[in-house]
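**Student:** coords_35.txt is the file, holding compact mmCIF, C-alpha atoms:
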# COMPACT_ATOMS: atom_id res chain seq x y z
CA MET A 1 -12.65 15.63 5.01
CA GLY A 2 -14.51 14.55 1.90
CA TYR A 3 -14.19 17.99 0.33
CA ILE A 4 -10.51 18.17 1.26
CA LEU A 5 -9.71 14.78 -0.29
CA LEU A 6 -11.66 15.56 -3.43
CA THR A 7 -9.93 18.95 -3.78
CA ILE A 8 -6.47 17.40 -3.37
CA PHE A 9 -7.41 14.70 -5.88
CA ILE A 10 -8.60 17.25 -8.48
CA ILE A 11 -5.51 19.45 -8.03
CA THR A 12 -3.18 16.47 -8.42
CA ALA A 13 -5.09 15.21 -11.47
CA THR A 14 -4.76 18.66 -13.05
CA LEU A 15 -1.02 18.70 -12.38
CA CYS A 16 -0.74 15.34 -14.16
CA TYR A 17 -1.90 16.99 -17.38
CA LEU A 18 0.25 20.10 -16.86
CA GLU A 19 3.45 18.32 -15.82
CA ASP A 20 5.19 18.75 -19.19
CA TYR A 21 4.45 22.48 -19.18
CA ILE A 22 5.61 23.37 -15.66
CA GLU A 23 9.12 21.93 -15.68
CA LYS A 24 10.54 24.59 -13.32
CA TYR A 25 7.78 24.20 -10.78
CA LYS A 26 7.36 20.41 -10.66
CA MET A 27 9.64 19.78 -7.72
CA PRO A 28 8.38 22.68 -5.56
CA LEU A 29 4.78 21.65 -6.27
CA TYR A 30 5.65 18.04 -5.48
CA PHE A 31 7.04 19.06 -2.10
CA LEU A 32 4.06 21.32 -1.47
CA MET A 33 1.55 18.56 -2.20
CA GLY A 34 3.52 16.20 0.04
CA PHE A 35 3.50 18.78 2.83
CA LEU A 36 -0.28 19.17 2.51
CA LEU A 37 -0.76 15.40 2.69
CA ILE A 38 1.29 15.27 5.90
CA VAL A 39 -0.64 18.14 7.46
CA ILE A 40 -4.03 16.65 6.55
CA ALA A 41 -3.06 13.26 8.00
CA GLY A 42 -1.48 14.82 11.07
CA PHE A 43 -4.39 17.04 12.05
CA ARG A 44 -7.36 14.89 11.06
CA GLU A 45 -10.19 14.62 13.52
CA VAL A 46 -9.99 11.76 16.01
CA GLY A 47 -12.76 9.27 15.31
CA LEU A 48 -12.92 10.05 11.61
CA ASP A 49 -11.26 6.73 10.80
CA PRO A 50 -11.67 3.33 12.53
CA ASP A 51 -8.25 3.32 14.23
CA SER A 52 -7.63 6.83 15.54
CA GLU A 53 -9.55 6.43 18.80
CA ASN A 54 -7.55 3.30 19.65
CA TYR A 55 -4.35 5.15 18.86
CA GLU A 56 -5.41 8.04 21.08
CA TYR A 57 -6.21 5.72 23.97
CA THR A 58 -2.86 3.94 23.72
CA PHE A 59 -1.05 7.25 23.33
CA HIS A 60 -2.55 8.48 26.61
CA ASN A 61 -2.28 5.15 28.44
CA PHE A 62 1.03 3.80 27.21
CA PHE A 63 2.08 2.99 30.78
CA LYS A 64 -0.70 0.44 31.36
CA SER A 65 0.38 -3.18 31.11
CA ASN A 66 -2.35 -4.09 28.65
CA SER A 67 -1.88 -1.09 26.36
CA GLY A 68 0.88 -2.83 24.42
CA ASP A 69 -1.18 -5.81 23.45
CA MET A 70 -1.94 -4.45 19.99
CA VAL A 71 1.07 -2.28 19.23
CA GLU A 72 4.82 -2.60 19.01
CA PRO A 73 7.11 -1.41 21.84
CA SER A 74 8.38 1.34 19.56
CA PHE A 75 4.91 2.89 19.52
CA LEU A 76 4.84 2.93 23.30
CA VAL A 77 8.33 4.46 23.50
CA ILE A 78 7.36 7.15 20.99
CA SER A 79 4.17 7.83 22.95
CA TYR A 80 6.16 8.14 26.18
CA ILE A 81 8.61 10.63 24.65
CA LEU A 82 5.91 12.74 22.99
CA ASN A 83 3.86 12.81 26.19
CA LEU A 84 6.77 14.58 27.87
CA PHE A 85 5.93 17.57 25.68
CA THR A 86 2.21 17.33 24.95
CA ASP A 87 -0.81 15.10 25.45
CA ASN A 88 -2.25 16.04 22.05
CA VAL A 89 -2.43 12.86 19.97
CA HIS A 90 -2.14 14.86 16.75
CA VAL A 91 1.59 15.18 17.34
CA LEU A 92 1.73 11.37 17.07
CA PHE A 93 -0.31 11.40 13.86
CA LEU A 94 1.96 14.11 12.48
CA LEU A 95 5.11 12.14 13.26
CA TYR A 96 3.91 8.93 11.61
CA ALA A 97 2.49 10.83 8.63
CA SER A 98 5.81 12.63 8.15
CA PHE A 99 7.63 9.32 7.85
CA GLY A 100 4.91 7.44 5.94
CA VAL A 101 4.25 10.10 3.31
CA THR A 102 7.88 11.17 2.90
CA LEU A 103 9.17 7.61 2.44
CA LYS A 104 6.59 6.87 -0.24
CA LEU A 105 7.14 10.14 -2.10
CA TYR A 106 10.87 9.43 -2.07
CA ALA A 107 10.23 5.95 -3.48
CA PHE A 108 8.02 7.40 -6.22
CA ARG A 109 10.76 9.75 -7.35
CA LYS A 110 13.28 6.91 -7.62
CA ALA A 111 10.94 4.56 -9.46
CA SER A 112 9.24 6.92 -11.90
CA SER A 113 10.08 9.85 -14.13
CA LEU A 114 6.55 11.09 -13.55
CA PHE A 115 5.85 13.36 -10.61
CA PHE A 116 2.11 13.50 -10.13
CA LEU A 117 0.59 10.32 -11.59
CA PRO A 118 2.07 8.11 -8.83
CA MET A 119 0.92 10.69 -6.28
CA LEU A 120 -2.59 10.57 -7.73
CA CYS A 121 -2.71 6.76 -7.50
CA TYR A 122 -1.41 7.04 -3.94
CA ILE A 123 -4.07 9.55 -2.90
CA SER A 124 -6.81 7.44 -4.47
CA PHE A 125 -6.49 4.65 -1.93
CA TYR A 126 -3.31 3.99 0.05
CA TYR A 127 -3.03 7.49 1.48
CA VAL A 128 -6.37 7.01 3.22
CA LEU A 129 -5.88 3.35 4.10
CA HIS A 130 -2.38 3.70 5.51
CA ASP A 131 -1.47 7.27 6.35
CA LEU A 132 -4.91 8.32 7.56
CA THR A 133 -5.82 5.02 9.21
CA GLN A 134 -3.22 2.28 9.64
CA ILE A 135 -0.45 4.76 10.43
CA ARG A 136 2.18 2.18 11.45
CA ALA A 137 1.54 0.21 8.26
CA GLY A 138 1.85 3.53 6.42
CA VAL A 139 5.49 3.79 7.45
CA VAL A 140 6.15 0.12 6.61
CA SER A 141 4.62 0.47 3.13
CA GLY A 142 7.07 3.29 2.39
CA ILE A 143 9.96 1.17 3.66
CA PHE A 144 8.70 -1.72 1.53
CA LEU A 145 8.79 0.29 -1.70
CA ILE A 146 12.34 1.41 -1.00
CA ALA A 147 13.39 -2.15 -0.09
CA LEU A 148 12.09 -3.43 -3.43
CA GLN A 149 14.25 -0.91 -5.24
CA LEU A 150 17.30 -1.96 -3.20
CA ILE A 151 16.65 -5.63 -4.08
CA SER A 152 16.41 -4.79 -7.76
CA GLU A 153 19.81 -3.09 -7.46
CA GLY A 154 21.35 -6.20 -5.88
CA LYS A 155 21.45 -4.69 -2.37
CA LYS A 156 19.53 -7.44 -0.62
CA ARG A 157 21.42 -7.08 2.66
CA ASN A 158 20.40 -3.43 2.88
CA ALA A 159 16.83 -4.38 2.05
CA LEU A 160 16.85 -7.03 4.80
CA ILE A 161 18.12 -4.53 7.36
CA LEU A 162 15.47 -2.05 6.25
CA LEU A 163 12.63 -4.58 6.55
CA LEU A 164 13.84 -5.76 9.97
CA ALA A 165 13.95 -2.14 11.08
CA GLY A 166 10.41 -1.79 9.72
CA ALA A 167 9.32 -4.61 12.03
CA LEU A 168 10.08 -2.28 14.94
CA ILE A 169 7.40 0.02 13.53
CA HIS A 170 4.91 -2.70 12.58
CA TYR A 171 5.30 -6.46 12.89
CA SER A 172 3.73 -6.90 9.44
CA SER A 173 7.09 -5.94 7.95
CA LEU A 174 8.22 -9.50 8.69
CA ALA A 175 5.56 -10.81 6.30
CA LEU A 176 7.38 -8.95 3.53
CA LEU A 177 10.67 -10.85 3.90
CA PRO A 178 9.83 -13.29 1.05
CA ILE A 179 10.52 -10.45 -1.42
CA LEU A 180 14.21 -11.06 -0.76
CA PHE A 181 13.87 -14.06 -3.08
CA LEU A 182 12.67 -11.85 -5.93
CA ASN A 183 14.78 -10.14 -8.56
CA ASN A 184 14.38 -7.49 -11.21
CA LYS A 185 15.40 -9.63 -14.17
CA PRO A 186 13.38 -9.07 -17.37
CA ILE A 187 10.20 -11.09 -17.57
CA GLY A 188 10.89 -13.95 -19.98
CA LYS A 189 8.55 -16.60 -21.32
CA LYS A 190 8.78 -18.91 -18.29
CA MET A 191 8.24 -16.07 -15.84
CA THR A 192 5.33 -14.79 -17.94
CA ILE A 193 3.65 -18.19 -17.65
CA LEU A 194 4.30 -18.28 -13.90
CA LEU A 195 2.89 -14.79 -13.42
CA ALA A 196 -0.14 -15.68 -15.52
CA LEU A 197 -0.77 -18.71 -13.29
CA ALA A 198 -0.24 -16.87 -9.98
CA ILE A 199 -3.87 -15.77 -9.63
CA PRO A 200 -5.38 -19.19 -10.53
CA ILE A 201 -2.99 -20.80 -8.02
CA GLY A 202 -4.31 -18.47 -5.31
CA TYR A 203 -7.88 -19.52 -6.11
CA PHE A 204 -6.83 -23.17 -6.17
CA VAL A 205 -5.44 -22.88 -2.64
CA TYR A 206 -8.68 -21.25 -1.51
CA PHE A 207 -10.93 -23.91 -3.04
CA SER A 208 -8.77 -26.62 -1.52
CA GLY A 209 -10.02 -25.32 1.81
CA GLY A 210 -6.66 -23.96 2.82
CA SER A 211 -5.53 -27.49 3.67
CA ILE A 212 -2.34 -26.99 1.71
CA LEU A 213 -1.25 -24.07 3.88
CA MET A 214 -2.46 -25.61 7.14
CA ASN A 215 -0.45 -28.76 6.80
CA PRO A 216 1.24 -29.19 10.23
CA SER A 217 4.44 -30.26 8.49
CA LEU A 218 4.68 -26.86 6.77
CA PRO A 219 7.48 -25.02 8.59
CA PHE A 220 6.62 -22.05 10.81
CA ILE A 221 3.08 -21.32 9.65
CA GLY A 222 1.16 -24.57 9.31
CA ASN A 223 0.07 -24.96 12.93
CA LYS A 224 -0.50 -21.23 13.36
CA LEU A 225 -2.89 -21.10 10.40
CA ALA A 226 -4.69 -24.19 11.63
CA ILE A 227 -5.35 -22.43 14.94
CA TYR A 228 -6.77 -19.39 13.13
CA GLN A 229 -8.98 -21.64 11.05
CA ALA A 230 -10.36 -23.33 14.18
CA ALA A 231 -11.16 -19.92 15.68
CA PHE A 232 -12.95 -18.91 12.48
CA GLU A 233 -15.08 -22.05 12.49
CA LYS A 234 -16.04 -21.46 16.13
CA GLY A 235 -17.31 -17.98 15.27
CA LYS A 236 -14.51 -16.11 17.00
CA MET A 237 -13.54 -14.55 13.69
CA THR A 238 -16.44 -13.07 11.77
CA VAL A 239 -14.86 -10.94 9.05
CA GLY A 240 -15.36 -12.44 5.60
CA ILE A 241 -13.79 -11.97 2.20
CA ASN A 242 -15.47 -12.29 -1.16
CA ILE A 243 -12.81 -13.64 -3.50
CA PHE A 244 -14.95 -12.54 -6.44
CA ASP A 245 -15.36 -9.03 -5.11
CA PRO A 246 -15.59 -6.51 -7.99
CA LEU A 247 -12.71 -4.47 -6.58
CA HIS A 248 -10.44 -7.51 -6.44
CA LEU A 249 -11.45 -8.53 -9.95
CA PHE A 250 -10.79 -4.97 -11.12
CA ASN A 251 -7.24 -5.23 -9.80
CA ILE A 252 -6.80 -8.61 -11.48
CA VAL A 253 -7.90 -7.19 -14.83
CA LEU A 254 -5.36 -4.35 -14.51
CA TYR A 255 -2.69 -6.88 -13.50
CA TYR A 256 -3.21 -8.97 -16.64
CA TYR A 257 -3.36 -5.80 -18.74
CA MET A 258 0.10 -4.81 -17.48
CA LEU A 259 1.39 -8.34 -17.92
CA PHE A 260 0.27 -8.18 -21.57
CA PHE A 261 2.12 -4.86 -22.06
CA LYS A 262 5.14 -5.89 -19.99
CA ASP A 263 7.66 -5.31 -22.79
CA THR A 264 6.35 -1.81 -23.51
CA ILE A 265 6.23 -0.73 -19.88
CA SER A 266 9.66 -2.20 -19.08
CA LYS A 267 11.25 0.18 -21.60
CA PHE A 268 10.20 3.15 -19.47
CA CYS A 269 10.27 1.73 -15.94
CA GLN A 270 13.43 0.05 -14.66
CA TYR A 271 11.74 -1.50 -11.60
CA PHE A 272 8.69 -2.82 -13.43
CA PRO A 273 9.59 -6.57 -13.34
CA ILE A 274 10.00 -6.78 -9.56
CA LEU A 275 6.96 -4.58 -8.95
CA LEU A 276 4.75 -6.78 -11.15
CA LYS A 277 6.02 -9.94 -9.43
CA THR A 278 5.20 -8.40 -6.06
CA PHE A 279 1.73 -7.41 -7.25
CA ALA A 280 1.15 -11.02 -8.34
CA ILE A 281 2.02 -12.23 -4.84
CA GLY A 282 -0.35 -9.71 -3.26
CA LEU A 283 -3.28 -10.69 -5.48
CA ALA A 284 -2.65 -14.40 -4.99
CA LEU A 285 -2.47 -13.99 -1.20
CA TYR A 286 -5.88 -12.31 -1.15
CA SER A 287 -7.64 -15.42 -2.37
CA ALA A 288 -5.23 -18.04 -1.00
CA LEU A 289 -5.60 -16.72 2.57
CA ALA A 290 -9.28 -15.76 2.30
CA PHE A 291 -10.17 -18.33 4.94
CA LEU A 292 -8.19 -16.07 7.33
CA PRO A 293 -9.78 -12.71 6.42
CA VAL A 294 -7.71 -10.34 8.56
CA LEU A 295 -4.44 -11.97 7.53
CA ALA A 296 -5.49 -12.01 3.87
CA LEU A 297 -6.45 -8.33 3.85
CA ARG A 298 -3.39 -7.05 5.69
CA THR A 299 -0.79 -9.05 3.77
CA SER A 300 -2.45 -8.50 0.40
CA GLN A 301 -2.76 -4.76 1.00
CA LEU A 302 0.90 -4.48 1.94
CA TYR A 303 2.15 -6.38 -1.10
CA CYS A 304 -0.26 -4.61 -3.42
CA VAL A 305 1.01 -1.16 -2.40
CA VAL A 306 3.17 -1.51 -5.51
CA ASN A 307 0.06 -0.83 -7.59
CA ILE A 308 0.58 2.85 -6.80
CA LEU A 309 3.48 2.80 -9.22
CA LEU A 310 2.19 0.08 -11.51
CA PHE A 311 -1.12 1.81 -12.23
CA SER A 312 0.70 5.04 -13.05
CA TYR A 313 2.79 3.09 -15.60
CA ILE A 314 -0.36 2.36 -17.60
CA VAL A 315 0.17 5.78 -19.19
CA TYR A 316 2.98 4.25 -21.25
CA THR A 317 0.64 1.79 -22.95
CA PHE A 318 -0.98 4.60 -24.98
CA LYS A 319 0.66 6.46 -27.84
CA GLN A 320 -1.11 9.70 -26.95
CA LYS A 321 -0.02 10.67 -23.46
CA TRP A 322 -3.16 12.59 -22.58
CA ILE A 323 -5.25 9.46 -23.20
CA GLY A 324 -2.96 7.45 -20.94
CA ILE A 325 -3.19 10.11 -18.24
CA SER A 326 -6.97 10.11 -18.55
CA MET A 327 -7.06 6.35 -18.07
CA VAL A 328 -4.93 6.58 -14.91
CA VAL A 329 -7.12 9.41 -13.60
CA LEU A 330 -10.22 7.29 -14.24
CA ILE A 331 -8.69 4.28 -12.48
CA SER A 332 -7.71 6.45 -9.53
CA PHE A 333 -11.17 7.99 -9.33
CA ILE A 334 -12.76 4.53 -9.27
CA LEU A 335 -10.42 3.44 -6.49
CA LEU A 336 -11.13 6.57 -4.45
CA TYR A 337 -14.89 6.12 -4.43
CA VAL A 338 -15.13 2.35 -4.46
CA SER A 339 -12.27 0.82 -2.51
CA ILE A 340 -12.17 3.27 0.41
CA PRO A 341 -15.73 2.65 1.65
CA HIS A 342 -15.23 -0.99 0.66
CA TYR A 343 -12.76 -1.29 3.52
CA GLY A 344 -14.96 0.49 6.06
CA LEU A 345 -13.50 3.95 5.51
CA GLY A 346 -16.59 5.50 3.94
CA ALA A 347 -16.83 8.21 6.58
CA LEU A 348 -13.69 9.74 5.17
CA ILE A 349 -15.29 10.58 1.83
CA ILE A 350 -18.71 11.76 2.99
CA LEU A 351 -19.16 15.21 1.49
As structure tokens, please, write out the structure in this file.
**Tutor:**
Amino acid sequence: MGYILLTIFIITATLCYLEDYIEKYKMPLYFLMGFLLIVIAGFREVGLDPDSENYEYTFHNFFKSNSGDMVEPSFLVISYILNLFTDNVHVLFLLYASFGVTLKLYAFRKASSLFFLPMLCYISFYYVLHDLTQIRAGVVSGIFLIALQLISEGKKRNALILLLAGALIHYSSLALLPILFLNNKPIGKKMTILLALAIPIGYFVYFSGGSILMNPSLPFIGNKLAIYQAAFEKGKMTVGINIFDPLHLFNIVLYYYMLFFKDTISKFCQYFPILLKTFAIGLALYSALAFLPVLALRTSQLYCVVNILLFSYIVYTFKQKWIGISMVVLISFILLYVSIPHYGLGALIIL
């Protein structure tokens, strides 16, 4: 798998440089690369990633009463239907990959005039994290990107329906509902200050011990978070988060870089304001919820899926396009070989 990922990465990076010279072939190549990504995700070896064996077990044992403890009813229904035709779990992987990859590639085309830079940023991390591993979240992340575009166009009702439908695929879609309060208005001075303070606020919440979020009077989530905190203190939750992790700090640096060049990037990217606001939420959640590691990782990763598009927009901050492309390629390469093993997916890139 390592050789396959590296080959796909190199091919996509090459296409980034050639995009202006292959106008006739961009769309066919885009579809071809998307098809390859679906096939690779659909026919990957079971056990290669941390989740596939659990998916296989549930796929084969969907009828057991305890098999639905970790997955949504929709997964069990899909498993039931597919089992009528075959007991090969790869047909399940293929189905989820078809939706996850296709939705994201569709979102890329709507949000960017570039074909292959967003795809490169996608391959560098989220393709492996979501569409090769967290396959239900992979579908939701595609839905999320489309919902953000609908919100920016004033179609919040459609976005709400889409996110609620996403909850049938993965409950985490409900955690994305706060984006309905966002808008795509240009980033003015007040919003710039707020976005600049978003990361420090996240750290402030963390260093306050999470007491702000665990206040029982906080509607809906206060008591629930307090319960998680008690479980963590009793040793029932052992996963930890380093809020000064180099990868997280790397993302923060890129965030502030894009905030600095917001006016330049906004000229080329109509959805940039709402994407940057969403990225700010994702980064802030990582540190603010660090006392609940699983929740922090999952919610932050979902919100930060917008960095696929945002990182590709960095190309517009350079006068010479080839330099901008090179910077995005470098960022993507760093993400591919640092963040993937960072999240326990190192087996996927062993050559």
**Student:** Tell me which protein, DNA and RNA residues are within 9 Å of Ser332 (chain A), counting all atoms listed in the file, leaving out same-chain ones fewer than 3 positions away, and put them as a count of residues only.
**Tutor:** 13
**Student:** Quick one: pull the distance between CA of Ala159 (chain A) and CA of Ala147 (chain A), Å, one decimal.
**Tutor:** 4.6 Å
**Student:** Can you list, as a list of chain:residue names, every protein, DNA or RNA residue that comes within 9 Å of Tyr106 (chain A) when you count all atoms listed in the file, leaving out same-chain residues fewer than 4 positions away?
**Tutor:**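 In the requested format, the answer is A:Val101, A:Thr102, A:Lys110, A:Ala111, A:Gly142, A:Ile146.
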**Student:** Would you output that residue set with C-alpha atoms, as a short mmCIF file (atom, residue, chain, number, x, y, z; two decimals), in the frame of the given file?
**Tutor:**
data_model
loop_
_atom_site.label_atom_id
_atom_site.label_comp_id
_atom_site.auth_asym_id
_atom_site.auth_seq_id
_atom_site.Cartn_x
_atom_site.Cartn_y
_atom_site.Cartn_z
CA VAL A 101 4.25 10.10 3.31
CA THR A 102 7.88 11.17 2.90
CA LYS A 110 13.28 6.91 -7.62
CA ALA A 111 10.94 4.56 -9.46
CA GLY A 142 7.07 3.29 2.39
CA ILE A 146 12.34 1.41 -1.00
#
**Student:** Measure the distance from CA of Phe62 (chain A) to CA of His170 (chain A) in Å and round it to one decimal.
**Tutor:**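 Distance reported for this atom pair: 16.5 Å.
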**Student:** Can you pull out the residues contacting Phe115 (chain A)? Cut-off 10 Å, using all atoms listed in the file, and skip same-chain residues under 5 positions away; I want them as a PyMOL selection string.
**Tutor:** chain A and resi 12+15-16+19+26-27+29-30+105+108-109+120
**Student:** So that I have them on file, write out the residues from the current selection with C-alpha atoms, as a PDB file, keeping the file's coordinate frame.
**Tutor:**
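New file again18.pdb:
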ATOM      1  CA  THR A  12      -3.180  16.470  -8.420  1.00  0.00           C
ATOM      2  CA  LEU A  15      -1.020  18.700 -12.380  1.00  0.00           C
ATOM      3  CA  CYS A  16      -0.740  15.340 -14.160  1.00  0.00           C
ATOM      4  CA  GLU A  19       3.450  18.320 -15.820  1.00  0.00           C
ATOM      5  CA  LYS A  26       7.360  20.410 -10.660  1.00  0.00           C
ATOM      6  CA  MET A  27       9.640  19.780  -7.720  1.00  0.00           C
ATOM      7  CA  LEU A  29       4.780  21.650  -6.270  1.00  0.00           C
ATOM      8  CA  TYR A  30       5.650  18.040  -5.480  1.00  0.00           C
ATOM      9  CA  LEU A 105       7.140  10.140  -2.100  1.00  0.00           C
ATOM     10  CA  PHE A 108       8.020   7.400  -6.220  1.00  0.00           C
ATOM     11  CA  ARG A 109      10.760   9.750  -7.350  1.00  0.00           C
ATOM     12  CA  LEU A 120      -2.590  10.570  -7.730  1.00  0.00           C
TER      13      LEU A 120
END
**Student:** Choose the residue, out of A:Leu297, A:Ile274, A:Ile265, A:Val39, that has the smallest atom-to-atom separation from Ile241 (chain A); count all atoms listed in the file.
**Tutor:**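 Once distances to Ile241 (chain A) are computed over all atoms listed in the file, the minimum belongs to A:Leu297.
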